[in-house]
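The file final15.cif contains mmCIF, C-alpha atoms:
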```cif
data_work
#
loop_
_atom_site.group_PDB
_atom_site.id
_atom_site.type_symbol
_atom_site.label_atom_id
_atom_site.label_comp_id
_atom_site.auth_asym_id
_atom_site.auth_seq_id
_atom_site.Cartn_x
_atom_site.Cartn_y
_atom_site.Cartn_z
ATOM 1 C CA LYS Z 1 69.745 -61.503 47.957
ATOM 2 C CA LEU Z 2 68.109 -63.739 50.517
ATOM 3 C CA GLU Z 3 64.556 -62.965 51.502
ATOM 4 C CA ASP Z 4 64.312 -62.321 55.223
ATOM 5 C CA SER Z 5 60.976 -64.063 55.530
ATOM 6 C CA SER Z 6 62.319 -67.377 54.260
ATOM 7 C CA THR Z 7 64.985 -67.582 56.948
ATOM 8 C CA ARG Z 8 62.838 -66.689 59.951
ATOM 9 C CA LEU Z 9 59.927 -68.396 61.595
ATOM 10 C CA GLN Z 10 57.724 -66.509 63.996
ATOM 11 C CA TYR Z 11 55.095 -67.608 66.473
ATOM 12 C CA GLU Z 12 53.597 -64.952 68.729
ATOM 13 C CA ASP Z 13 56.611 -63.164 70.271
ATOM 14 C CA LEU Z 14 59.093 -65.953 69.516
ATOM 15 C CA THR Z 15 61.293 -65.739 66.411
ATOM 16 C CA LEU Z 16 63.613 -68.423 65.102
ATOM 17 C CA ASP Z 17 66.388 -67.327 62.728
ATOM 18 C CA LEU Z 18 67.352 -70.302 60.593
ATOM 19 C CA ASP Z 19 70.536 -68.721 59.240
ATOM 20 C CA SER Z 20 72.081 -67.783 62.563
ATOM 21 C CA ARG Z 21 70.290 -70.599 64.425
ATOM 22 C CA GLU Z 22 69.178 -68.117 67.066
ATOM 23 C CA ALA Z 23 65.939 -67.777 68.929
ATOM 24 C CA ILE Z 24 64.623 -64.407 70.050
ATOM 25 C CA ARG Z 25 61.703 -63.851 72.375
ATOM 26 C CA SER Z 26 60.439 -60.397 73.285
ATOM 27 C CA GLY Z 27 63.751 -58.962 72.075
ATOM 28 C CA ARG Z 28 65.830 -61.359 74.222
ATOM 29 C CA ARG Z 29 68.351 -63.511 72.425
ATOM 30 C CA ILE Z 30 68.187 -67.129 73.607
ATOM 31 C CA ASP Z 31 71.202 -69.439 73.452
ATOM 32 C CA LEU Z 32 70.175 -72.899 72.293
ATOM 33 C CA THR Z 33 72.132 -76.093 71.803
ATOM 34 C CA ALA Z 34 71.841 -77.758 68.389
ATOM 35 C CA LYS Z 35 69.263 -80.262 69.675
ATOM 36 C CA GLU Z 36 67.253 -77.549 71.437
ATOM 37 C CA PHE Z 37 67.215 -75.538 68.236
ATOM 38 C CA ASP Z 38 66.096 -78.551 66.191
ATOM 39 C CA LEU Z 39 63.349 -79.287 68.691
ATOM 40 C CA LEU Z 40 62.114 -75.694 68.722
ATOM 41 C CA LEU Z 41 62.298 -75.619 64.919
ATOM 42 C CA LEU Z 42 60.065 -78.691 64.740
ATOM 43 C CA PHE Z 43 57.484 -76.951 66.937
ATOM 44 C CA MET Z 44 57.742 -73.695 64.974
ATOM 45 C CA GLN Z 45 57.131 -75.579 61.720
ATOM 46 C CA ASN Z 46 54.012 -77.178 63.220
ATOM 47 C CA PRO Z 47 52.291 -74.503 65.285
ATOM 48 C CA ARG Z 48 49.111 -75.626 67.076
ATOM 49 C CA ARG Z 49 49.650 -79.193 65.842
ATOM 50 C CA VAL Z 50 49.970 -81.783 68.590
ATOM 51 C CA LEU Z 51 53.182 -83.722 68.033
ATOM 52 C CA THR Z 52 53.328 -87.147 69.597
ATOM 53 C CA ARG Z 53 56.252 -88.113 71.731
ATOM 54 C CA ASP Z 54 57.197 -90.829 69.215
ATOM 55 C CA ALA Z 55 57.064 -88.447 66.260
ATOM 56 C CA ILE Z 56 59.302 -85.952 68.042
ATOM 57 C CA MET Z 57 61.766 -88.651 69.126
ATOM 58 C CA ASP Z 58 61.932 -90.004 65.589
ATOM 59 C CA LYS Z 59 62.449 -86.588 64.005
ATOM 60 C CA ILE Z 60 65.008 -85.242 66.471
ATOM 61 C CA TRP Z 61 66.828 -88.306 67.773
ATOM 62 C CA GLY Z 62 66.033 -90.924 65.130
ATOM 63 C CA TYR Z 63 64.611 -94.423 65.459
ATOM 64 C CA ASP Z 64 67.807 -95.963 66.745
ATOM 65 C CA TYR Z 65 68.070 -93.669 69.756
ATOM 66 C CA SER Z 66 68.758 -95.834 72.772
ATOM 67 C CA GLY Z 67 69.661 -93.277 75.404
ATOM 68 C CA GLU Z 68 67.627 -92.068 78.355
ATOM 69 C CA SER Z 69 63.897 -92.525 77.927
ATOM 70 C CA ASN Z 70 63.199 -89.154 79.505
ATOM 71 C CA VAL Z 71 65.501 -87.228 77.166
ATOM 72 C CA LEU Z 72 62.551 -85.486 75.490
ATOM 73 C CA GLU Z 73 61.109 -84.312 78.816
ATOM 74 C CA VAL Z 74 64.528 -82.989 79.809
ATOM 75 C CA TYR Z 75 64.855 -81.042 76.545
ATOM 76 C CA ILE Z 76 61.309 -79.675 76.766
ATOM 77 C CA ALA Z 77 62.060 -78.483 80.308
ATOM 78 C CA MET Z 78 65.289 -76.819 79.171
ATOM 79 C CA LEU Z 79 63.547 -75.165 76.220
ATOM 80 C CA ARG Z 80 60.796 -73.850 78.472
ATOM 81 C CA GLN Z 81 63.341 -72.547 80.951
ATOM 82 C CA LYS Z 82 65.233 -70.724 78.202
ATOM 83 C CA THR Z 83 62.247 -69.371 76.273
ATOM 84 C CA GLU Z 84 60.083 -68.254 79.200
ATOM 85 C CA ASP Z 85 61.012 -65.699 81.761
ATOM 86 C CA LYS Z 86 58.668 -64.803 84.587
ATOM 87 C CA THR Z 87 56.433 -62.608 82.448
ATOM 88 C CA ASP Z 88 56.256 -64.777 79.345
ATOM 89 C CA LYS Z 89 53.379 -67.115 78.828
ATOM 90 C CA ARG Z 90 54.106 -70.762 78.166
ATOM 91 C CA LEU Z 91 54.230 -71.635 74.478
ATOM 92 C CA ILE Z 92 55.167 -75.312 74.589
ATOM 93 C CA GLN Z 93 52.167 -77.054 76.115
ATOM 94 C CA THR Z 94 52.034 -80.635 77.359
ATOM 95 C CA VAL Z 95 49.228 -82.753 75.936
ATOM 96 C CA ARG Z 96 48.786 -85.454 78.557
ATOM 97 C CA GLY Z 97 49.353 -88.976 77.336
ATOM 98 C CA THR Z 98 50.119 -87.760 73.806
ATOM 99 C CA GLY Z 99 52.974 -85.312 73.398
ATOM 100 C CA TYR Z 100 53.471 -81.580 73.059
ATOM 101 C CA VAL Z 101 52.141 -78.637 71.093
ATOM 102 C CA LEU Z 102 53.362 -75.111 70.350
ATOM 103 C CA ARG Z 103 50.378 -73.018 71.313
ATOM 104 C CA GLY Z 104 49.696 -69.884 73.292
ATOM 105 C CA GLU Z 105 47.868 -70.401 76.550
ATOM 106 C CA GLY Z 106 44.647 -69.108 75.026
ATOM 107 C CA GLY Z 107 44.537 -72.070 72.678
#
```
Would you kindly transcribe this structure into structure tokens?
Amino acid sequence: KLEDSSTRLQYEDLTLDLDSREAIRSGRRIDLTAKEFDLLLLFMQNPRRVLTRDAIMDKIWGYDYSGESNVLEVYIAMLRQKTEDKTDKRLIQTVRGTGYVLRGEGG
């Protein structure tokens, strides 16, 4: 029997189910693309740790990625749009000049 705890990551009111590859926030199921899921997973595995833009690009897209340079910003924006409704606080914070961090607004 699989242990529930090993297949789910939780940060505040956001839960990531690794088996079903679903995200749930405040009871709302969130549809994510594979890349969005991978990106959110990376944040959930490193809560409150600032991840540099380069580290994220390397982990999610790989060194040889030669597409749009703003692809990360686009994905962050889409993730925020999907994981935050009007009443939710922002969890993915921008760290100017560095990258991003999964952190509640209080710190």
Applying 12 Å and all atoms listed in the file, which residues near Glu22 (chain Z) remain after dropping the ones on its own chain fewer than 3 positions away? List them as a short mmCIF file (atom, residue, chain, number, x, y, z; two decimals) with C-alpha atoms, in the frame of the given file.
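Okay, selection_29.cif is ready:
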```
data_model
loop_
_atom_site.label_atom_id
_atom_site.label_comp_id
_atom_site.auth_asym_id
_atom_site.auth_seq_id
_atom_site.Cartn_x
_atom_site.Cartn_y
_atom_site.Cartn_z
CA THR Z 7 64.98 -67.58 56.95
CA ARG Z 8 62.84 -66.69 59.95
CA LEU Z 9 59.93 -68.40 61.60
CA GLN Z 10 57.72 -66.51 64.00
CA LEU Z 14 59.09 -65.95 69.52
CA THR Z 15 61.29 -65.74 66.41
CA LEU Z 16 63.61 -68.42 65.10
CA ASP Z 17 66.39 -67.33 62.73
CA LEU Z 18 67.35 -70.30 60.59
CA ASP Z 19 70.54 -68.72 59.24
CA ARG Z 25 61.70 -63.85 72.38
CA GLY Z 27 63.75 -58.96 72.08
CA ARG Z 28 65.83 -61.36 74.22
CA ARG Z 29 68.35 -63.51 72.42
CA ILE Z 30 68.19 -67.13 73.61
CA ASP Z 31 71.20 -69.44 73.45
CA LEU Z 32 70.18 -72.90 72.29
CA THR Z 33 72.13 -76.09 71.80
CA ALA Z 34 71.84 -77.76 68.39
CA GLU Z 36 67.25 -77.55 71.44
CA PHE Z 37 67.22 -75.54 68.24
CA ASP Z 38 66.10 -78.55 66.19
CA LEU Z 40 62.11 -75.69 68.72
CA LEU Z 41 62.30 -75.62 64.92
CA THR Z 83 62.25 -69.37 76.27
#
```
Which one is closest to Asp54 (chain Z): Z:Arg103, Z:Leu72, Z:Arg90, Z:Leu39? Count all atoms listed in the file.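 When distances to Asp54 (chain Z) are compared using all atoms listed in the file, the smallest one comes from Z:Leu72.
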What lies within 10 Å of Arg49 (chain Z) using only C-alpha atoms, ignoring chain neighbours under 5 positions off, as a ChimeraX atom specification? /Z:43-44,100-103
Would you mind exporting C-alpha atoms of the selected residues as a PDB file, keeping the file's coordinate frame?
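So the final result, stored in again-v1.pdb, reads:
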```pdb
ATOM      1  CA  PHE Z  43      57.484 -76.951  66.937  1.00  0.00           C
ATOM      2  CA  MET Z  44      57.742 -73.695  64.974  1.00  0.00           C
ATOM      3  CA  TYR Z 100      53.471 -81.580  73.059  1.00  0.00           C
ATOM      4  CA  VAL Z 101      52.141 -78.637  71.093  1.00  0.00           C
ATOM      5  CA  LEU Z 102      53.362 -75.111  70.350  1.00  0.00           C
ATOM      6  CA  ARG Z 103      50.378 -73.018  71.313  1.00  0.00           C
TER       7      ARG Z 103
END
```
The PyMOL selection byres ((chain Z and resi 53) around 8) - which residues does that actually catch in the file I just gave you? List them as an MDAnalysis selection string. chainID Z and resid 51:52 54:57 72 98:100
Take CA of Gln93 (chain Z) and CA of Glu68 (chain Z) and report the distance between them in Å, one decimal.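 If I compute the distance from CA of Gln93 (chain Z) to CA of Glu68 (chain Z), I get 21.7 Å.
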Top pick for closest residue to Tyr11 (chain Z), considering Z:Lys35, Z:Asn46, Z:Val74, Z:Lys86 and counting only C-alpha atoms: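 Looking only at the distances to Tyr11 (chain Z), the closest residue turns out to be Z:Asn46.
Taking CA of Ser20 (chain Z) and CA of Ile60 (chain Z) as the two end points, the separation is 19.2 Å.
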Correct to one decimal, the distance CA of Trp61 (chain Z)-CA of Arg80 (chain Z) is 19.0 Å
Of the listed residues Z:Arg48, Z:Ser26, Z:Tyr63, Z:Asp13, that which approaches Ile92 (chain Z) most closely, counting all atoms listed in the file: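 Counting all atoms listed in the file, the residue closest to Ile92 (chain Z) is Z:Arg48.
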Counting only C-alpha atoms, the option among Z:Asp85, Z:Gly104, Z:Gly62, Z:Ile24 closest to Pro47 (chain Z): Z:Gly104
Taking only C-alpha atoms into account, name the residue in Z:Gln45, Z:Asp58, Z:Asp88, Z:Thr94 that is nearest to Glu73 (chain Z). Z:Thr94
